$ cat model08.pdb   # PDB, C-alpha atoms
ATOM      1  CA  MET A1431      59.554 -51.928 -43.605
ATOM      2  CA  SER A1432      55.789 -52.181 -44.036
ATOM      3  CA  GLN A1433      53.933 -52.768 -47.288
ATOM      4  CA  ASN A1434      54.106 -49.923 -49.822
ATOM      5  CA  PRO A1435      50.594 -48.454 -50.330
ATOM      6  CA  PHE A1436      51.725 -46.364 -53.328
ATOM      7  CA  GLY A1437      52.775 -49.219 -55.584
ATOM      8  CA  SER A1438      56.153 -48.087 -56.816
ATOM      9  CA  ARG A1439      59.240 -47.211 -54.831
ATOM     10  CA  GLN A1440      59.519 -43.864 -56.685
ATOM     11  CA  ALA A1441      56.011 -42.838 -55.645
ATOM     12  CA  LEU A1442      56.780 -43.741 -52.066
ATOM     13  CA  ASP A1443      60.051 -41.778 -52.073
ATOM     14  CA  LYS A1444      58.247 -38.751 -53.520
ATOM     15  CA  ARG A1445      55.616 -38.831 -50.740
ATOM     16  CA  PHE A1446      58.313 -39.079 -48.108
ATOM     17  CA  GLU A1447      60.274 -36.203 -49.629
ATOM     18  CA  GLU A1448      57.148 -34.032 -49.527
ATOM     19  CA  ALA A1449      56.362 -35.065 -46.001
ATOM     20  CA  TYR A1450      59.954 -34.587 -44.849
ATOM     21  CA  GLY A1451      59.940 -30.817 -45.471
ATOM     22  CA  ALA A1452      56.585 -30.392 -43.746
ATOM     23  CA  ILE A1453      57.568 -32.520 -40.751
ATOM     24  CA  TYR A1454      60.877 -30.708 -40.363
ATOM     25  CA  ALA A1455      59.123 -27.315 -40.509
ATOM     26  CA  TYR A1456      56.625 -28.443 -37.865
ATOM     27  CA  CYS A1457      59.279 -29.815 -35.497
ATOM     28  CA  ARG A1458      61.640 -26.913 -36.138
ATOM     29  CA  HIS A1459      59.114 -24.250 -35.198
ATOM     30  CA  MET A1460      57.522 -26.192 -32.369
ATOM     31  CA  CYS A1461      60.772 -26.901 -30.518
ATOM     32  CA  GLY A1462      62.921 -24.041 -31.814
ATOM     33  CA  ASP A1463      66.072 -26.151 -32.012
ATOM     34  CA  PRO A1464      67.343 -27.267 -35.464
ATOM     35  CA  GLU A1465      69.222 -30.315 -34.170
ATOM     36  CA  LEU A1466      66.388 -31.527 -32.014
ATOM     37  CA  ALA A1467      64.014 -30.876 -34.921
ATOM     38  CA  LEU A1468      66.141 -33.137 -37.093
ATOM     39  CA  ASP A1469      66.039 -35.925 -34.496
ATOM     40  CA  LEU A1470      62.280 -35.578 -34.115
ATOM     41  CA  THR A1471      61.838 -35.532 -37.892
ATOM     42  CA  GLN A1472      63.853 -38.729 -38.265
ATOM     43  CA  GLU A1473      61.827 -40.393 -35.528
ATOM     44  CA  ALA A1474      58.544 -39.319 -37.143
ATOM     45  CA  LEU A1475      59.662 -40.495 -40.589
ATOM     46  CA  ALA A1476      60.858 -43.804 -39.167
ATOM     47  CA  ARG A1477      57.519 -44.362 -37.435
ATOM     48  CA  ALA A1478      55.696 -43.468 -40.649
ATOM     49  CA  MET A1479      57.836 -45.919 -42.634
ATOM     50  CA  ALA A1480      57.375 -48.676 -40.068
ATOM     51  CA  ASN A1481      53.599 -48.161 -39.997
ATOM     52  CA  LEU A1482      52.893 -47.632 -43.685
ATOM     53  CA  ASP A1483      50.338 -50.451 -43.607
ATOM     54  CA  ARG A1484      48.231 -48.284 -41.280
ATOM     55  CA  PHE A1485      47.961 -45.448 -43.829
ATOM     56  CA  ARG A1486      44.392 -45.689 -45.082
ATOM     57  CA  GLY A1487      44.446 -42.772 -47.500
ATOM     58  CA  ASP A1488      41.529 -40.843 -45.988
ATOM     59  CA  ALA A1489      43.881 -37.880 -45.482
ATOM     60  CA  SER A1490      46.875 -36.799 -47.561
ATOM     61  CA  PHE A1491      50.099 -38.621 -46.817
ATOM     62  CA  THR A1492      51.728 -35.408 -45.551
ATOM     63  CA  THR A1493      48.850 -34.756 -43.142
ATOM     64  CA  TRP A1494      49.064 -38.333 -41.885
ATOM     65  CA  ALA A1495      52.835 -38.039 -41.441
ATOM     66  CA  ILE A1496      52.463 -34.712 -39.613
ATOM     67  CA  ALA A1497      49.950 -36.329 -37.255
ATOM     68  CA  ILE A1498      52.721 -38.832 -36.447
ATOM     69  CA  ALA A1499      55.170 -35.941 -35.933
ATOM     70  CA  VAL A1500      52.654 -34.337 -33.544
ATOM     71  CA  ASN A1501      52.676 -37.549 -31.483
ATOM     72  CA  VAL A1502      56.469 -37.795 -31.615
ATOM     73  CA  TYR A1503      56.739 -34.240 -30.304
ATOM     74  CA  LYS A1504      54.156 -34.977 -27.583
ATOM     75  CA  ASP A1505      56.139 -38.070 -26.566
ATOM     76  CA  TYR A1506      59.283 -35.986 -26.441
ATOM     77  CA  LEU A1507      57.615 -33.422 -24.190
ATOM     78  CA  LYS A1508      56.391 -36.188 -21.886
ATOM     79  CA  LYS A1509      59.921 -37.567 -21.562
ATOM     80  CA  LYS A1510      61.660 -34.262 -21.142
ATOM     81  CA  ARG A1511      60.175 -30.819 -20.892
ATOM     82  CA  PRO A1512      62.496 -28.714 -23.029
ATOM     83  CA  GLU A1513      63.877 -25.508 -21.717
ATOM     84  CA  LEU A1514      63.272 -22.381 -23.694
ATOM     85  CA  PHE A1515      65.187 -23.023 -26.880
ATOM     86  CA  ALA A1516      64.523 -19.582 -28.245
ATOM     87  CA  GLU A1517      67.634 -17.943 -26.747
ATOM     88  CA  GLN A1518      69.949 -20.616 -28.090
ATOM     89  CA  ASP A1519      68.152 -20.462 -31.400
ATOM     90  CA  ALA A1520      68.514 -16.699 -31.609
ATOM     91  CA  LEU A1521      72.238 -16.976 -31.015
ATOM     92  CA  ASN A1522      72.588 -19.719 -33.628
ATOM     93  CA  THR A1523      70.640 -17.850 -36.253
ATOM     94  CA  ILE A1524      72.516 -14.588 -35.814
ATOM     95  CA  THR A1525      75.865 -16.406 -35.933
ATOM     96  CA  ASP A1526      74.751 -18.199 -39.091
ATOM     97  CA  ALA A1527      73.650 -14.913 -40.606
ATOM     98  CA  LEU A1528      77.022 -13.333 -39.990
ATOM     99  CA  GLN A1529      78.662 -16.184 -41.904
ATOM    100  CA  LYS A1530      76.629 -15.474 -45.022
ATOM    101  CA  LYS A1531      78.321 -13.458 -47.751
ATOM    102  CA  ASP A1532      75.546 -11.750 -49.682
ATOM    103  CA  SER A1533      73.289  -8.909 -48.501
ATOM    104  CA  LEU A1534      74.414  -9.150 -44.924
ATOM    105  CA  GLU A1535      72.085  -6.484 -43.629
ATOM    106  CA  GLN A1536      69.029  -8.137 -45.152
ATOM    107  CA  GLN A1537      70.135 -11.519 -43.877
ATOM    108  CA  VAL A1538      70.629 -10.233 -40.361
ATOM    109  CA  GLU A1539      67.223  -8.545 -40.444
ATOM    110  CA  GLY A1540      65.607 -11.776 -41.640
ATOM    111  CA  ARG A1541      67.425 -13.809 -39.014
ATOM    112  CA  ALA A1542      66.595 -11.285 -36.336
ATOM    113  CA  PHE A1543      62.928 -11.657 -37.240
ATOM    114  CA  GLN A1544      63.244 -15.425 -37.052
ATOM    115  CA  ALA A1545      64.911 -15.179 -33.658
ATOM    116  CA  ASP A1546      62.124 -12.921 -32.352
ATOM    117  CA  LEU A1547      59.503 -15.172 -33.931
ATOM    118  CA  ALA A1548      61.076 -18.229 -32.262
ATOM    119  CA  LYS A1549      60.979 -16.481 -28.874
ATOM    120  CA  GLU A1550      57.357 -15.454 -29.284
ATOM    121  CA  LEU A1551      56.331 -18.884 -30.556
ATOM    122  CA  ALA A1552      57.985 -20.463 -27.518
ATOM    123  CA  ALA A1553      55.986 -18.127 -25.267
ATOM    124  CA  MET A1554      52.675 -18.864 -27.044
ATOM    125  CA  PRO A1555      50.189 -21.385 -25.580
ATOM    126  CA  PRO A1556      51.023 -24.791 -27.160
ATOM    127  CA  GLN A1557      47.710 -25.230 -28.992
ATOM    128  CA  GLN A1558      47.869 -21.754 -30.522
ATOM    129  CA  ARG A1559      51.486 -22.325 -31.487
ATOM    130  CA  GLN A1560      50.593 -25.637 -33.088
ATOM    131  CA  ALA A1561      47.769 -24.097 -35.136
ATOM    132  CA  PHE A1562      49.936 -21.140 -36.184
ATOM    133  CA  VAL A1563      52.915 -23.301 -37.170
ATOM    134  CA  LEU A1564      50.752 -25.756 -39.105
ATOM    135  CA  LYS A1565      48.959 -22.982 -40.996
ATOM    136  CA  HIS A1566      51.655 -20.418 -41.667
ATOM    137  CA  LEU A1567      54.937 -22.307 -41.469
ATOM    138  CA  VAL A1568      53.935 -25.743 -42.733
ATOM    139  CA  GLY A1569      51.129 -24.672 -45.052
ATOM    140  CA  LEU A1570      48.240 -26.935 -44.062
ATOM    141  CA  SER A1571      44.616 -25.966 -44.679
ATOM    142  CA  TYR A1572      42.137 -25.372 -41.839
ATOM    143  CA  GLU A1573      40.581 -28.774 -42.454
ATOM    144  CA  GLU A1574      43.943 -30.522 -42.336
ATOM    145  CA  ILE A1575      44.881 -28.729 -39.109
ATOM    146  CA  ALA A1576      41.573 -29.774 -37.565
ATOM    147  CA  ALA A1577      42.284 -33.392 -38.552
ATOM    148  CA  VAL A1578      45.838 -33.304 -37.196
ATOM    149  CA  ALA A1579      44.940 -31.506 -33.957
ATOM    150  CA  GLY A1580      41.740 -33.517 -33.506
ATOM    151  CA  CYS A1581      39.508 -30.514 -32.903
ATOM    152  CA  PRO A1582      36.629 -28.750 -34.713
ATOM    153  CA  LEU A1583      37.261 -26.273 -37.511
ATOM    154  CA  GLY A1584      35.915 -23.382 -35.427
ATOM    155  CA  THR A1585      38.441 -24.120 -32.706
ATOM    156  CA  VAL A1586      41.270 -24.038 -35.254
ATOM    157  CA  ARG A1587      40.089 -20.656 -36.552
ATOM    158  CA  SER A1588      39.775 -19.312 -33.041
ATOM    159  CA  ARG A1589      43.247 -20.536 -32.017
ATOM    160  CA  LEU A1590      44.763 -19.060 -35.148
ATOM    161  CA  HIS A1591      43.034 -15.732 -34.710
ATOM    162  CA  ASN A1592      44.138 -15.465 -31.078
ATOM    163  CA  GLY A1593      47.644 -16.611 -31.937
ATOM    164  CA  ILE A1594      48.040 -14.030 -34.681
ATOM    165  CA  GLU A1595      46.687 -11.239 -32.480
ATOM    166  CA  THR A1596      49.144 -12.153 -29.710
ATOM    167  CA  LEU A1597      52.011 -12.476 -32.156
ATOM    168  CA  LYS A1598      51.276  -9.123 -33.802
ATOM    169  CA  LYS A1599      51.198  -7.449 -30.416
ATOM    170  CA  LYS A1600      54.361  -9.098 -29.118
ATOM    171  CA  LEU A1601      56.318  -8.580 -32.337
ATOM    172  CA  GLY A1602      55.103  -4.976 -32.362
ATOM    173  CA  GLU A1603      56.599  -4.522 -28.911
ATOM    174  CA  ARG A1604      59.895  -5.774 -30.329
ATOM    175  CA  GLY A1605      59.779  -3.131 -33.053
ATOM    176  CA  TRP A1606      58.242  -5.130 -35.927
ATOM    177  CA  PRO A1607      57.418  -4.136 -38.617
TER
ATOM    178  CA  MET B1008      58.810 -26.705 -52.234
ATOM    179  CA  THR B1009      55.855 -28.918 -53.027
ATOM    180  CA  ASP B1010      52.367 -27.768 -54.021
ATOM    181  CA  HIS B1011      51.150 -28.914 -50.677
ATOM    182  CA  LEU B1012      53.573 -26.674 -48.840
ATOM    183  CA  LYS B1013      53.100 -23.585 -50.952
ATOM    184  CA  PRO B1014      51.514 -20.659 -49.171
ATOM    185  CA  GLN B1015      47.805 -20.751 -49.709
ATOM    186  CA  GLU B1016      46.010 -17.971 -51.460
ATOM    187  CA  PRO B1017      43.350 -16.308 -49.327
ATOM    188  CA  GLN B1018      39.974 -17.523 -50.522
ATOM    189  CA  ALA B1019      37.137 -15.056 -50.407
ATOM    190  CA  SER B1020      34.526 -17.797 -50.605
ATOM    191  CA  GLN B1021      35.770 -19.454 -47.375
ATOM    192  CA  ASP B1022      35.440 -16.321 -45.310
ATOM    193  CA  PRO B1023      33.073 -13.782 -46.785
ATOM    194  CA  ILE B1024      33.368 -11.374 -43.838
ATOM    195  CA  LYS B1025      36.337  -9.141 -44.515
ATOM    196  CA  ILE B1026      37.841  -7.110 -41.718
ATOM    197  CA  VAL B1027      38.711  -3.636 -42.885
ATOM    198  CA  PRO B1028      42.029  -2.803 -41.289
ATOM    199  CA  ALA B1029      42.683   0.608 -39.795
ATOM    200  CA  ASP B1030      45.811   1.013 -41.921
ATOM    201  CA  GLY B1031      43.826   0.272 -45.083
ATOM    202  CA  LEU B1032      46.158  -2.567 -46.118
ATOM    203  CA  PRO B1033      44.629  -5.869 -47.175
ATOM    204  CA  LYS B1034      44.849  -8.764 -44.732
ATOM    205  CA  SER B1035      44.645 -12.526 -45.197
ATOM    206  CA  ASP B1036      41.487 -14.413 -44.184
ATOM    207  CA  ASP B1037      42.771 -14.993 -40.659
ATOM    208  CA  GLY B1038      43.968 -11.443 -40.046
ATOM    209  CA  LEU B1039      47.622 -11.859 -40.950
ATOM    210  CA  PRO B1040      49.056  -8.447 -41.929
ATOM    211  CA  PRO B1041      51.093  -8.318 -45.178
ATOM    212  CA  TRP B1042      54.390  -7.521 -43.473
ATOM    213  CA  LEU B1043      54.050 -10.588 -41.240
ATOM    214  CA  GLU B1044      52.950 -12.725 -44.158
ATOM    215  CA  ALA B1045      56.029 -11.624 -46.102
ATOM    216  CA  GLN B1046      58.342 -12.358 -43.176
ATOM    217  CA  LEU B1047      56.742 -15.743 -42.655
ATOM    218  CA  LYS B1048      57.183 -16.532 -46.334
ATOM    219  CA  VAL B1049      60.917 -15.868 -45.965
ATOM    220  CA  THR B1050      61.040 -17.922 -42.760
ATOM    221  CA  ARG B1051      59.222 -20.783 -44.486
ATOM    222  CA  ALA B1052      61.645 -20.721 -47.422
ATOM    223  CA  GLU B1053      64.658 -20.653 -45.098
ATOM    224  CA  THR B1054      63.264 -23.545 -43.070
ATOM    225  CA  GLN B1055      62.926 -25.562 -46.271
ATOM    226  CA  ASP B1056      66.521 -24.696 -47.223
ATOM    227  CA  GLU B1057      67.622 -25.768 -43.756
ATOM    228  CA  ALA B1058      65.678 -29.022 -44.134
ATOM    229  CA  GLU B1059      67.138 -29.638 -47.596
ATOM    230  CA  VAL B1060      70.702 -29.570 -46.248
ATOM    231  CA  HIS B1061      70.006 -32.615 -44.077
ATOM    232  CA  ARG B1062      67.414 -34.326 -46.266
ATOM    233  CA  ILE B1063      69.451 -37.247 -47.618
ATOM    234  CA  ALA B1064      71.160 -37.973 -44.298
ATOM    235  CA  ALA B1065      67.857 -37.685 -42.427
ATOM    236  CA  MET B1066      66.052 -39.988 -44.850
ATOM    237  CA  ASN B1067      68.801 -42.618 -44.629
ATOM    238  CA  GLN B1068      68.799 -42.392 -40.860
ATOM    239  CA  ALA B1069      64.999 -42.669 -40.823
ATOM    240  CA  ILE B1070      65.134 -45.768 -43.062
ATOM    241  CA  ALA B1071      67.600 -47.422 -40.673
ATOM    242  CA  MET B1072      65.397 -46.494 -37.698
ATOM    243  CA  ALA B1073      62.305 -47.739 -39.497
ATOM    244  CA  GLN B1074      63.958 -51.087 -40.179
ATOM    245  CA  ARG B1075      64.876 -51.347 -36.495
ATOM    246  CA  LEU B1076      61.339 -50.343 -35.455
ATOM    247  CA  HIS B1077      59.880 -52.861 -37.887
ATOM    248  CA  ARG B1078      62.178 -55.587 -36.540
ATOM    249  CA  GLU B1079      61.253 -54.677 -32.970
ATOM    250  CA  ARG B1080      57.581 -54.717 -33.887
ATOM    251  CA  LYS B1081      57.927 -58.162 -35.446
ATOM    252  CA  GLN B1082      59.790 -59.407 -32.372
ATOM    253  CA  LEU B1083      57.103 -57.959 -30.137
ATOM    254  CA  GLU B1084      54.409 -59.607 -32.247
ATOM    255  CA  ALA B1085      56.294 -62.929 -32.049
ATOM    256  CA  LYS B1086      56.605 -62.544 -28.269
ATOM    257  CA  GLN B1087      52.904 -61.739 -28.007
ATOM    258  CA  LEU B1088      52.078 -64.793 -30.100
ATOM    259  CA  SER B1089      54.272 -66.949 -27.844
ATOM    260  CA  ALA B1090      52.565 -65.469 -24.803
ATOM    261  CA  TYR B1091      49.126 -66.233 -26.294
ATOM    262  CA  ILE B1092      50.153 -69.818 -27.081
ATOM    263  CA  LEU B1093      51.613 -70.257 -23.597
ATOM    264  CA  SER B1094      48.459 -68.843 -22.034
ATOM    265  CA  ALA B1095      46.311 -71.174 -24.125
ATOM    266  CA  LEU B1096      48.472 -74.141 -23.069
ATOM    267  CA  CYS B1097      48.243 -73.123 -19.413
ATOM    268  CA  ILE B1098      44.454 -72.840 -19.640
ATOM    269  CA  ALA B1099      44.259 -76.214 -21.386
ATOM    270  CA  ALA B1100      46.489 -77.782 -18.729
ATOM    271  CA  ALA B1101      44.415 -76.274 -15.937
ATOM    272  CA  LEU B1102      41.204 -77.556 -17.529
ATOM    273  CA  SER B1103      42.724 -81.010 -17.983
ATOM    274  CA  LEU B1104      43.779 -81.001 -14.343
ATOM    275  CA  LEU B1105      40.286 -80.035 -13.276
ATOM    276  CA  VAL B1106      38.759 -82.783 -15.400
ATOM    277  CA  ALA B1107      41.307 -85.264 -14.062
ATOM    278  CA  LEU B1108      40.569 -84.241 -10.488
ATOM    279  CA  ASN B1109      36.893 -84.542 -11.162
ATOM    280  CA  GLN B1110      37.424 -87.996 -12.647
ATOM    281  CA  ALA B1111      39.637 -88.985  -9.748
ATOM    282  CA  GLN B1112      36.915 -87.893  -7.406
ATOM    283  CA  LEU B1113      34.479 -90.052  -9.321
ATOM    284  CA  VAL B1114      36.822 -93.023  -9.131
ATOM    285  CA  LEU B1115      37.313 -92.387  -5.446
ATOM    286  CA  GLY B1116      33.583 -92.127  -5.011
ATOM    287  CA  ILE B1117      32.954 -95.396  -6.786
ATOM    288  CA  PHE B1118      35.768 -97.042  -4.881
ATOM    289  CA  GLY B1119      34.582 -95.585  -1.575
ATOM    290  CA  GLY B1120      30.987 -96.514  -2.251
ATOM    291  CA  THR B1121      31.926-100.058  -3.179
ATOM    292  CA  SER B1122      34.087-100.344  -0.098
ATOM    293  CA  ALA B1123      31.325 -99.042   2.158
ATOM    294  CA  LEU B1124      28.859-101.436   0.563
ATOM    295  CA  SER B1125      31.324-104.285   1.041
ATOM    296  CA  VAL B1126      31.766-103.431   4.733
ATOM    297  CA  LEU B1127      28.000-103.249   5.223
ATOM    298  CA  CYS B1128      27.525-106.539   3.428
ATOM    299  CA  LEU B1129      30.366-108.273   5.239
ATOM    300  CA  PRO B1130      28.267-109.614   8.208
ATOM    301  CA  LEU B1131      25.714-110.965   5.755
ATOM    302  CA  ILE B1132      28.440-112.593   3.722
ATOM    303  CA  ILE B1133      29.996-114.099   6.883
ATOM    304  CA  ARG B1134      26.635-115.362   8.028
ATOM    305  CA  TRP B1135      25.929-116.814   4.631
ATOM    306  CA  HIS B1136      29.312-118.429   4.636
ATOM    307  CA  GLN B1137      28.743-119.904   8.124
ATOM    308  CA  GLN B1138      25.365-121.231   7.020
ATOM    309  CA  GLU B1139      26.961-122.779   4.005
ATOM    310  CA  LEU B1140      29.608-124.354   6.200
ATOM    311  CA  SER B1141      27.026-125.702   8.690
ATOM    312  CA  HIS B1142      24.842-127.039   5.857
ATOM    313  CA  GLY B1143      27.848-128.569   4.224
ATOM    314  CA  GLY B1144      28.963-130.119   7.494
ATOM    315  CA  GLY B1145      25.460-131.611   7.964
ATOM    316  CA  ARG B1146      25.436-133.297   4.591
TER
END

$ encode --input "model08.pdb" --output "structure tokens"
Amino acid sequence: MSQNPFGSRQALDKRFEEAYGAIYAYCRHMCGDPELALDLTQEALARAMANLDRFRGDASFTTWAIAIAVNVYKDYLKKKRPELFAEQDALNTITDALQKKDSLEQQVEGRAFQADLAKELAAMPPQQRQAFVLKHLVGLSYEEIAAVAGCPLGTVRSRLHNGIETLKKKLGERGWP
Amino acid sequence: MTDHLKPQEPQASQDPIKIVPADGLPKSDDGLPPWLEAQLKVTRAETQDEAEVHRIAAMNQAIAMAQRLHRERKQLEAKQLSAYILSALCIAAALSLLVALNQAQLVLGIFGGTSALSVLCLPLIIRWHQQELSHGGGR
């Protein structure tokens, strides 16, 4: 692998562990399929590891790694336009929920929300979905989203605002809250 | 969950204009209602749990892929280097050929020029030779 910019192996592992969760969350909510998300996450992590010498440190390591994940997902879309994963995802999540032992009703409600959220995210324009996922499901700041998406801060705010308005409306139609 | 991934507190200083919602409930700086924020918090936590299940396997797999990518990159770099060297050799050979051709042309030119001069001078040489013979014969 490339040269370690963080000095020690422990520091490097810690950065990758932090980035892993964020990358998985991004891929998971962009594609809606847990297995595909895992494959995309592995690909993004592998590219990050192989190109460590290109990390200059002008953004956080997680932001840099997510920018790689964004490209991996774009490459995936270029190769194969995925079908709507939301239906399959909804089925998976509800089945998983039924297998849980504790507070079944709460679990099913939570999973039902996730299934509806996945459907609405899949229906959202890609740029709005990206901004929403990065802000509310990955936890990046506006500045970091602007850096990852390569657009001005105002555009990020606008995309987020529109995305949330659409989501509120659509989830409202599905009976949320 | 890392600090980086923790949900961010709404910051009043970043967005001083507060939208007063019709339902009177506070909203985040980008208009996210509390019920949605709460649901998203749960979703985020569950996604992290989901990620955690596969973390070790995914990291190991990624390391193996990274090593393969790195190897492929090195091979590609080596191939590129070979291609550059080959190109440089081809250019050098072509230049040498051009120089050689140019030199050959020069040699041909000299040879041709000398030959032409010899042909032109041949009658004079013959005449001179005949004169020499006649003079010699007279002595």

$ interface_residues --input "model08.pdb" --of "chain A" --to "chain B" --cutoff "9 Å" --atoms "all atoms listed in the file" --output "ChimeraX atom specification"
/A:1431-1432,1446-1448,1450-1452,1454-1455,1458-1459,1464,1468-1469,1471-1481,1492,1540-1541,1543-1544,1565-1571,1587,1590-1591,1594-1595,1598,1606-1607

$ atom_distance --input "model08.pdb" --atom1 "CA of Leu1507 (chain A)" --atom2 "CA of Arg1604 (chain A)"
28.4 Å

$ atom_distance --input "model08.pdb" --atom1 "CA of Gln1557 (chain A)" --atom2 "CA of Ala1542 (chain A)"
24.6 Å

$ resolve_selection --input "model08.pdb" --expression "the PyMOL selection byres ((chain A and resi 1597) around 10)" --output "list in words"
Leu1547, Glu1550, Leu1551, Ala1553, Met1554, Arg1559, Phe1562, His1591, Asn1592, Gly1593, Ile1594, Glu1595, Thr1596, Lys1598, Lys1599, Lys1600, Leu1601, Gly1602 and Glu1603 of chain A; Leu1039 and Leu1043 of chain B

$ write_last_selection --input "model08.pdb" --atoms "C-alpha atoms" --output "PDB file, in the coordinates of the input"
ATOM      1  CA  LEU A1547      59.503 -15.172 -33.931  1.00  0.00           C
ATOM      2  CA  GLU A1550      57.357 -15.454 -29.284  1.00  0.00           C
ATOM      3  CA  LEU A1551      56.331 -18.884 -30.556  1.00  0.00           C
ATOM      4  CA  ALA A1553      55.986 -18.127 -25.267  1.00  0.00           C
ATOM      5  CA  MET A1554      52.675 -18.864 -27.044  1.00  0.00           C
ATOM      6  CA  ARG A1559      51.486 -22.325 -31.487  1.00  0.00           C
ATOM      7  CA  PHE A1562      49.936 -21.140 -36.184  1.00  0.00           C
ATOM      8  CA  HIS A1591      43.034 -15.732 -34.710  1.00  0.00           C
ATOM      9  CA  ASN A1592      44.138 -15.465 -31.078  1.00  0.00           C
ATOM     10  CA  GLY A1593      47.644 -16.611 -31.937  1.00  0.00           C
ATOM     11  CA  ILE A1594      48.040 -14.030 -34.681  1.00  0.00           C
ATOM     12  CA  GLU A1595      46.687 -11.239 -32.480  1.00  0.00           C
ATOM     13  CA  THR A1596      49.144 -12.153 -29.710  1.00  0.00           C
ATOM     14  CA  LYS A1598      51.276  -9.123 -33.802  1.00  0.00           C
ATOM     15  CA  LYS A1599      51.198  -7.449 -30.416  1.00  0.00           C
ATOM     16  CA  LYS A1600      54.361  -9.098 -29.118  1.00  0.00           C
ATOM     17  CA  LEU A1601      56.318  -8.580 -32.337  1.00  0.00           C
ATOM     18  CA  GLY A1602      55.103  -4.976 -32.362  1.00  0.00           C
ATOM     19  CA  GLU A1603      56.599  -4.522 -28.911  1.00  0.00           C
TER      20      GLU A1603
ATOM     21  CA  LEU B1039      47.622 -11.859 -40.950  1.00  0.00           C
ATOM     22  CA  LEU B1043      54.050 -10.588 -41.240  1.00  0.00           C
TER      23      LEU B1043
END

$ closest_residue --input "model08.pdb" --among "A:Ala1579, A:Arg1589, A:Ala1495, A:Tyr1572" --to "Ala1449 (chain A)" --atoms "all atoms listed in the file"
A:Ala1495

$ atom_distance --input "model08.pdb" --atom1 "CA of Phe1436 (chain A)" --atom2 "CA of Ser1490 (chain A)"
12.2 Å

$ axis_aligned_box --input "model08.pdb" --around "region 1087-1094 of chain B" --padding-each-side "6 Å" --output "AutoDock Vina command-line options"
--center_x 51.4 --center_y -66.0 --center_z -26.1 --size_x 17.8 --size_y 20.5 --size_z 20.1

$ closest_residue --input "model08.pdb" --among "A:Ala1497, A:Ile1575, A:Ala1441, A:Leu1470" --to "Ala1561 (chain A)" --atoms "all atoms listed in the file"
A:Ile1575

$ decode --input "model08.pdb" --residues "region 1442-1472 of chain A" --atoms "C-alpha atoms" --output "PDB file, in the first residue's frame"
ATOM      1  CA  LEU A1442      -3.897   5.069  10.268  1.00  0.00           C
ATOM      2  CA  ASP A1443      -6.223   2.284  11.448  1.00  0.00           C
ATOM      3  CA  LYS A1444      -8.160   4.783  13.572  1.00  0.00           C
ATOM      4  CA  ARG A1445      -8.689   7.110  10.579  1.00  0.00           C
ATOM      5  CA  PHE A1446      -9.877   4.219   8.459  1.00  0.00           C
ATOM      6  CA  GLU A1447     -12.262   3.020  11.162  1.00  0.00           C
ATOM      7  CA  GLU A1448     -13.776   6.508  11.357  1.00  0.00           C
ATOM      8  CA  ALA A1449     -14.010   6.780   7.617  1.00  0.00           C
ATOM      9  CA  TYR A1450     -15.460   3.283   7.254  1.00  0.00           C
ATOM     10  CA  GLY A1451     -18.674   4.124   9.142  1.00  0.00           C
ATOM     11  CA  ALA A1452     -19.155   7.346   7.192  1.00  0.00           C
ATOM     12  CA  ILE A1453     -18.480   5.709   3.827  1.00  0.00           C
ATOM     13  CA  TYR A1454     -20.819   2.825   4.593  1.00  0.00           C
ATOM     14  CA  ALA A1455     -23.582   5.247   5.649  1.00  0.00           C
ATOM     15  CA  TYR A1456     -23.124   7.239   2.436  1.00  0.00           C
ATOM     16  CA  CYS A1457     -23.179   4.179   0.163  1.00  0.00           C
ATOM     17  CA  ARG A1458     -25.980   2.525   2.120  1.00  0.00           C
ATOM     18  CA  HIS A1459     -28.352   5.463   1.802  1.00  0.00           C
ATOM     19  CA  MET A1460     -27.365   6.390  -1.731  1.00  0.00           C
ATOM     20  CA  CYS A1461     -27.933   2.926  -3.205  1.00  0.00           C
ATOM     21  CA  GLY A1462     -30.418   1.523  -0.689  1.00  0.00           C
ATOM     22  CA  ASP A1463     -28.928  -1.969  -0.770  1.00  0.00           C
ATOM     23  CA  PRO A1464     -26.835  -3.163   2.225  1.00  0.00           C
ATOM     24  CA  GLU A1465     -24.834  -5.727   0.246  1.00  0.00           C
ATOM     25  CA  LEU A1466     -24.064  -3.386  -2.594  1.00  0.00           C
ATOM     26  CA  ALA A1467     -23.194  -0.704  -0.033  1.00  0.00           C
ATOM     27  CA  LEU A1468     -20.669  -3.071   1.508  1.00  0.00           C
ATOM     28  CA  ASP A1469     -19.065  -3.753  -1.882  1.00  0.00           C
ATOM     29  CA  LEU A1470     -18.911  -0.047  -2.676  1.00  0.00           C
ATOM     30  CA  THR A1471     -17.481   0.696   0.769  1.00  0.00           C
ATOM     31  CA  GLN A1472     -14.748  -1.898   0.301  1.00  0.00           C
TER      32      GLN A1472
END
